[in-house]
$ cat run11.cif   # mmCIF, C-alpha atoms and all ligand atoms
data_final
loop_
_atom_site.label_atom_id
_atom_site.label_comp_id
_atom_site.auth_asym_id
_atom_site.auth_seq_id
_atom_site.Cartn_x
_atom_site.Cartn_y
_atom_site.Cartn_z
CA ARG A 1 0.00 0.00 0.00
CA VAL A 2 1.21 3.46 -0.80
CA LYS A 3 0.18 6.13 1.69
CA GLY A 4 -0.26 9.80 0.88
CA VAL A 5 -0.28 9.09 -2.82
CA THR A 6 -1.17 12.02 -5.06
CA SER A 7 -4.53 12.19 -6.79
CA SER A 8 -2.78 12.11 -10.15
CA LEU A 9 -1.17 8.79 -9.34
CA LYS A 10 -4.53 7.41 -8.23
CA LYS A 11 -6.16 8.60 -11.41
CA ALA A 12 -3.42 7.07 -13.47
CA LEU A 13 -3.78 3.75 -11.67
CA HIS A 14 -7.57 3.94 -12.08
CA VAL A 15 -8.18 4.06 -8.34
CA LYS A 16 -11.37 5.68 -7.09
CA GLY A 17 -12.16 7.07 -3.62
CA SER A 18 -10.04 8.69 -0.98
CA GLY A 19 -8.33 5.69 0.66
CA ASP A 20 -4.83 4.43 0.07
CA VAL A 21 -3.95 3.00 -3.29
CA LYS A 22 -3.98 -0.78 -3.20
CA THR A 23 -0.83 -1.78 -4.96
CA THR A 24 -0.51 -5.11 -3.16
CA ASN A 25 -0.15 -7.01 -6.38
CA MET A 26 2.46 -4.77 -7.92
CA THR A 27 6.10 -4.47 -7.01
CA ALA A 28 7.74 -1.04 -6.94
CA LEU A 29 9.52 -1.88 -10.19
CA GLN A 30 6.22 -2.82 -11.84
CA MET A 31 4.80 0.52 -10.73
CA HIS A 32 7.90 2.27 -12.13
CA ALA A 33 7.29 0.65 -15.50
CA SER A 34 3.49 1.08 -15.38
CA PHE A 35 3.68 4.80 -16.04
CA PHE A 36 4.71 3.93 -19.58
CA ASP A 37 1.85 1.44 -20.00
CA ARG A 38 -0.44 4.17 -21.30
CA ASP A 39 -3.44 1.88 -21.99
CA LYS A 40 -2.92 -0.25 -18.86
CA ASP A 41 -2.92 -3.59 -20.67
CA GLY A 42 0.22 -4.86 -18.95
CA ILE A 43 2.34 -4.39 -22.06
CA ILE A 44 4.54 -1.43 -22.98
CA THR A 45 4.90 -1.04 -26.73
CA MET A 46 7.66 1.06 -28.25
CA LYS A 47 5.05 3.69 -29.04
CA GLU A 48 4.00 3.81 -25.39
CA THR A 49 7.60 4.23 -24.19
CA TYR A 50 7.91 7.10 -26.67
CA GLN A 51 4.61 8.65 -25.52
CA GLY A 52 5.56 8.32 -21.85
CA MET A 53 8.90 9.98 -22.46
CA ARG A 54 7.27 12.83 -24.38
CA ALA A 55 4.72 13.25 -21.56
CA LEU A 56 7.67 13.75 -19.20
CA GLY A 57 9.08 16.47 -21.41
CA TYR A 58 11.96 14.69 -23.15
CA SER A 59 12.83 15.79 -26.68
CA TYR A 60 11.69 13.92 -29.79
CA ALA A 61 15.22 12.55 -30.32
CA ILE A 62 15.73 11.33 -26.75
CA SER A 63 12.25 9.78 -26.70
CA VAL A 64 12.76 7.89 -29.97
CA ALA A 65 16.23 6.70 -28.92
CA SER A 66 14.99 5.62 -25.47
CA ALA A 67 12.06 3.69 -26.91
CA LEU A 68 14.41 1.82 -29.24
CA PHE A 69 16.97 1.09 -26.53
CA ILE A 70 14.63 0.28 -23.64
CA ASN A 71 12.20 -1.89 -25.62
CA GLY A 72 15.15 -3.35 -27.54
CA ALA A 73 16.79 -4.39 -24.28
CA LEU A 74 13.75 -5.50 -22.27
CA SER A 75 11.34 -7.13 -24.72
CA ARG A 76 13.22 -10.41 -25.02
CA LYS A 77 14.04 -10.50 -21.29
CA THR A 78 10.43 -10.01 -20.19
CA ARG A 79 8.60 -12.03 -22.86
CA PRO A 80 6.74 -15.06 -21.42
CA PRO A 81 8.19 -18.31 -22.87
CA GLU A 82 4.97 -19.26 -24.66
CA THR A 83 4.62 -15.85 -26.34
CA PRO A 84 6.13 -15.45 -29.81
CA ALA A 85 8.59 -12.60 -30.44
CA THR A 86 7.35 -9.65 -32.49
CA ILE A 87 9.26 -6.80 -34.10
CA THR A 88 7.19 -4.28 -32.14
CA LEU A 89 9.30 -5.27 -29.09
CA PRO A 90 6.67 -5.14 -26.33
CA ILE A 91 7.78 -5.14 -22.68
CA TYR A 92 5.77 -7.40 -20.35
CA ILE A 93 5.28 -5.71 -16.97
CA ASN A 94 4.57 -8.99 -15.17
CA ASN A 95 8.15 -10.06 -15.86
CA ILE A 96 9.86 -6.68 -15.55
CA LYS A 97 12.12 -8.00 -12.77
CA ASN A 98 13.94 -9.94 -15.51
CA GLY A 99 15.03 -6.57 -16.87
CA LYS A 100 17.23 -5.86 -13.89
CA HIS A 101 20.89 -5.28 -14.66
CA GLY A 102 24.14 -4.99 -12.73
CA SER A 103 26.02 -1.86 -11.60
CA ASP A 104 22.81 -0.51 -10.04
CA THR A 105 22.03 0.68 -6.52
CA ASP A 106 20.30 -2.56 -5.42
CA ALA A 107 17.38 -0.41 -4.26
CA TYR A 108 15.22 -2.88 -6.19
CA ASP A 109 15.71 -6.48 -5.06
CA SER A 110 15.76 -9.35 -7.55
CA ASN A 111 11.94 -9.44 -7.45
CA GLY A 112 11.64 -5.72 -8.14
CA ARG A 113 10.66 -4.82 -4.59
CA PHE A 114 11.93 -1.58 -3.09
CA VAL A 115 14.73 -1.98 -0.51
CA PRO A 116 14.69 1.08 1.83
CA LYS A 117 18.11 0.28 3.34
CA LYS A 118 19.85 0.38 -0.04
CA PHE A 119 18.01 3.58 -0.94
CA GLU A 120 19.21 5.21 2.29
CA LYS A 121 22.73 4.01 1.53
CA ILE A 122 22.82 6.10 -1.67
CA PHE A 123 22.53 9.30 0.36
CA LYS A 124 24.58 8.19 3.36
CA LYS A 125 27.48 7.31 1.11
CA TYR A 126 27.38 9.92 -1.62
CA ALA A 127 25.40 12.98 -0.45
CA LYS A 128 28.29 14.92 1.06
CA THR A 129 27.32 18.51 0.25
CA ASN A 130 23.71 18.21 1.45
CA PRO A 131 22.47 15.17 3.38
CA ASN A 132 19.23 15.03 1.39
CA ALA A 133 20.40 15.69 -2.15
CA LEU A 134 22.99 14.67 -4.72
CA THR A 135 25.02 17.10 -6.80
CA GLU A 136 25.84 16.12 -10.39
CA GLY A 137 29.39 15.21 -9.28
CA GLU A 138 28.11 13.08 -6.40
CA LEU A 139 25.80 11.28 -8.80
CA ASP A 140 28.81 10.52 -10.95
CA ASN A 141 30.69 9.21 -7.88
CA MET A 142 27.75 6.94 -7.14
CA LEU A 143 27.74 5.53 -10.67
CA GLN A 144 31.49 4.93 -10.42
CA GLY A 145 31.07 3.28 -7.01
CA ASN A 146 28.25 0.99 -8.23
CA LYS A 147 30.26 -0.38 -11.15
CA ASP A 148 30.45 -4.17 -11.17
CA ALA A 149 33.67 -5.42 -12.78
CA GLY A 150 33.26 -6.51 -16.40
CA ASP A 151 29.63 -5.34 -16.57
CA THR A 152 29.71 -2.85 -19.45
CA THR A 153 26.01 -3.31 -20.29
CA GLY A 154 24.87 -2.68 -16.71
CA GLN A 155 27.14 0.35 -16.44
CA ILE A 156 25.73 1.87 -19.63
CA ALA A 157 22.15 1.14 -18.54
CA ALA A 158 22.69 2.61 -15.04
CA ARG A 159 24.30 5.75 -16.45
CA ALA A 160 21.45 6.18 -18.94
CA GLU A 161 18.79 5.79 -16.21
CA TRP A 162 20.42 8.29 -13.86
CA ASN A 163 21.25 10.78 -16.62
CA LEU A 164 17.67 10.70 -17.85
CA LEU A 165 16.46 11.21 -14.30
CA TYR A 166 18.84 14.08 -13.60
CA ARG A 167 17.74 15.87 -16.78
CA ILE A 168 14.08 16.15 -15.76
CA ALA A 169 14.21 15.96 -11.98
CA LYS A 170 17.05 18.21 -10.82
CA ASP A 171 16.01 21.30 -8.87
CA LYS A 172 16.90 24.91 -9.73
CA ASP A 173 20.28 24.51 -8.02
CA GLY A 174 21.15 21.41 -10.02
CA LEU A 175 20.51 19.08 -7.08
CA LEU A 176 18.71 15.74 -7.18
CA GLN A 177 16.63 15.77 -4.02
CA LYS A 178 16.17 12.59 -1.98
CA ASP A 179 12.34 12.85 -2.06
CA THR A 180 12.48 13.17 -5.82
CA VAL A 181 14.67 10.09 -6.19
CA ARG A 182 12.35 8.14 -3.87
CA GLY A 183 9.50 8.87 -6.28
CA VAL A 184 11.29 7.25 -9.21
CA TYR A 185 11.31 3.86 -7.49
CA ASP A 186 7.51 3.54 -7.27
CA GLY A 187 6.93 5.60 -10.40
CA SER A 188 5.00 8.32 -8.53
CA LEU A 189 7.54 10.91 -9.70
CA PHE A 190 6.62 10.22 -13.32
CA PHE A 191 2.90 10.79 -12.68
CA LYS A 192 3.66 13.98 -10.75
CA LEU A 193 5.91 15.37 -13.48
CA GLU A 194 3.35 14.63 -16.18
CA GLN A 195 0.62 16.28 -14.13
CA LYS A 196 2.80 19.33 -13.53
CA ARG A 197 3.47 19.70 -17.25
CA LEU A 198 -0.22 19.29 -18.09
CA SER A 199 -1.32 21.92 -15.59
CA SER A 200 1.29 24.44 -16.69
CA LYS A 201 0.21 23.88 -20.32
CA ASN A 202 -3.45 24.47 -19.36
CA LYS A 203 -2.54 27.69 -17.58
CA LYS A 204 -0.89 29.03 -20.74
CA THR A 205 -3.96 28.37 -22.95
C1 LIG B 301 12.22 8.61 -18.14
C2 LIG B 301 12.32 7.35 -18.11
C3 LIG B 301 13.04 6.57 -17.05
C4 LIG B 301 13.87 6.98 -16.05
C5 LIG B 301 14.31 8.40 -15.72
C6 LIG B 301 14.26 5.79 -15.31
C7 LIG B 301 15.10 5.79 -14.23
C8 LIG B 301 15.46 4.69 -13.50
C9 LIG B 301 16.30 4.69 -12.34
C10 LIG B 301 16.95 5.92 -11.72
C11 LIG B 301 16.41 3.41 -11.93
C12 LIG B 301 17.19 2.95 -10.70
C13 LIG B 301 18.48 2.29 -11.03
C14 LIG B 301 19.27 2.02 -9.78
O1 LIG B 301 18.72 1.80 -8.70
O2 LIG B 301 20.53 2.06 -9.88
C15 LIG B 301 15.66 2.59 -12.83
C16 LIG B 301 15.57 1.23 -12.77
C17 LIG B 301 14.90 0.47 -13.68
N1 LIG B 301 14.10 0.91 -14.70
FE1 LIG B 301 13.79 2.81 -15.22
N2 LIG B 301 13.66 4.70 -15.88
C18 LIG B 301 12.91 5.14 -16.94
C19 LIG B 301 12.15 4.39 -17.79
C20 LIG B 301 12.03 3.05 -17.71
C21 LIG B 301 11.24 2.24 -18.61
C22 LIG B 301 10.39 2.76 -19.78
C23 LIG B 301 11.41 0.97 -18.22
C24 LIG B 301 10.80 -0.25 -18.81
C25 LIG B 301 9.54 -0.38 -18.95
C26 LIG B 301 12.31 0.95 -17.08
C27 LIG B 301 12.73 -0.17 -16.43
C28 LIG B 301 13.62 -0.17 -15.38
C29 LIG B 301 14.15 -1.38 -14.78
C30 LIG B 301 13.90 -2.82 -15.24
C31 LIG B 301 14.97 -0.97 -13.71
C32 LIG B 301 15.74 -1.88 -12.75
C33 LIG B 301 17.20 -1.82 -13.05
C34 LIG B 301 17.98 -2.54 -11.99
O3 LIG B 301 17.80 -2.26 -10.80
O4 LIG B 301 18.78 -3.43 -12.34
N3 LIG B 301 12.65 2.24 -16.79
N4 LIG B 301 15.08 3.39 -13.78
#
$ encode --input "run11.cif" --output "structure tokens" --more "lines below"
Ligand code: HEM
Amino acid sequence: RVKGVTSSLKKALHVKGSGDVKTTNMTALQMHASFFDRDKDGIITMKETYQGMRALGYSYAISVASALFINGALSRKTRPPETPATITLPIYINNIKNGKHGSDTDAYDSNGRFVPKKFEKIFKKYAKTNPNALTEGELDNMLQGNKDAGDTTGQIAARAEWNLLYRIAKDKDGLLQKDTVRGVYDGSLFFKLEQKRLSSKNKKT
């Protein structure tokens, strides 16, 4: 259960009423991926990855490249054995834990559940300037520190994930706040950022 969840997240997860969101059947990693499942059918097509990225404010080029890379990397890993491969490279949210790679923070366990201790460790170890935020340099130190030997793929994937995050989620001082990073793990940050963009667009028109 996620307490204090925003109304936008509830809406996005199709939850009605004022109680907590029941996410008992979803791991944090499944919720992270679910933002991109625009039609909520459990599958993320390349088009949906692209649309999700655009909704977060990424450029056309970054969104196209991310859709190709992310779906390219995760479709085969998450496809159920009985399901035939297709060139549209869908990602299957049920099996998203199979998309985990090395050189990460371990804040998702092997089942895709959130591990608070590992999340806290990020800030204890690397947030030297401010206890509750990472500077760009500290983020780089973290990526260096998380490197597993001989794991080029994991290192590239981890760098891509954190660079993408930094781009849209840094504050006006260039800091990645702890609360913000927490929101990436259950996907709530994505819903919040989309909502923020939508409401600022509406104000302009
Ligand atoms: C704007 C888009 C995205 C951003 C900013 C982002 C960011 C992140 C971050 C920061 C992590 C944590 C890595 C760590 O703990 O070291 C992560 C993990 C992960 N993300 Fe995303 N992500 C995005 C889109 C996606 C999409 C579209 C998918 C697939 C549907 C996805 C699947 C995963 C998976 C499988 C992991 C686990 C990696 C691991 O722990 O080994 N992400 N992501």
$ residues_around --input "run11.cif" --residues "Gly72 (chain A)" --least-positions-apart "2" --cutoff "12 Å" --atoms "all atoms listed in the file" --output "list in words"
Ile44, Thr45, Met46, Thr49, Val64, Ala65, Ser66, Ala67, Leu68, Phe69, Ile70, Leu74, Ser75, Arg76, Lys77, Thr78, Arg79, Ala85, Thr86, Ile87, Thr88, Leu89, Pro90, Ile91 and Gly99 of chain A
$ residues_around --input "run11.cif" --residues "Ala107 (chain A)" --least-positions-apart "2" --cutoff "7 Å" --atoms "only C-alpha atoms" --output "list in words"
Thr105, Asp109, Phe114, Val115, Pro116, Lys118 and Phe119 of chain A
$ residues_near_ligand --input "run11.cif" --ligand "ligand LIG 301 (chain B)" --cutoff "7 Å" --atoms "only C-alpha atoms and all ligand atoms" --output "PyMOL selection string"
chain A and resi 29+32-33+36+44+49+53+56+70+74+91+96-97+99-108+158+161-162+164-165+184-185
$ atom_distance --input "run11.cif" --atom1 "CA of Thr83 (chain A)" --atom2 "CA of Ser63 (chain A)"
26.7 Å
$ closest_residue --input "run11.cif" --among "A:Leu189, A:Ile156, A:Ala169, A:Leu175" --to "Ala73 (chain A)" --atoms "only C-alpha atoms"
A:Ile156
$ atom_distance --input "run11.cif" --atom1 "CA of Glu120 (chain A)" --atom2 "CA of Arg197 (chain A)"
29.0 Å
$ atom_distance --input "run11.cif" --atom1 "CA of Asn146 (chain A)" --atom2 "CA of Asn163 (chain A)"
14.7 Å
$ closest_residue --input "run11.cif" --among "A:Ser200, A:Thr129, A:Ser188, A:Thr152" --to "Ser34 (chain A)" --atoms "only C-alpha atoms"
A:Ser188
$ closest_residue --input "run11.cif" --among "A:Gly57, A:Gly137, A:Gly154, A:Gly187" --to "Met31 (chain A)" --atoms "all atoms listed in the file"
A:Gly187
$ closest_residue --input "run11.cif" --among "A:Lys178, A:Ile168, A:Lys147, A:Glu136" --to "Ile122 (chain A)" --atoms "all atoms listed in the file"
A:Lys178
$ axis_aligned_box --input "run11.cif" --around "region 40-44 of chain A" --padding-each-side "3 Å" --output "JSON"
{"center_x": 0.8, "center_y": -2.6, "center_z": -20.9, "size_x": 13.5, "size_y": 10.6, "size_z": 10.1}
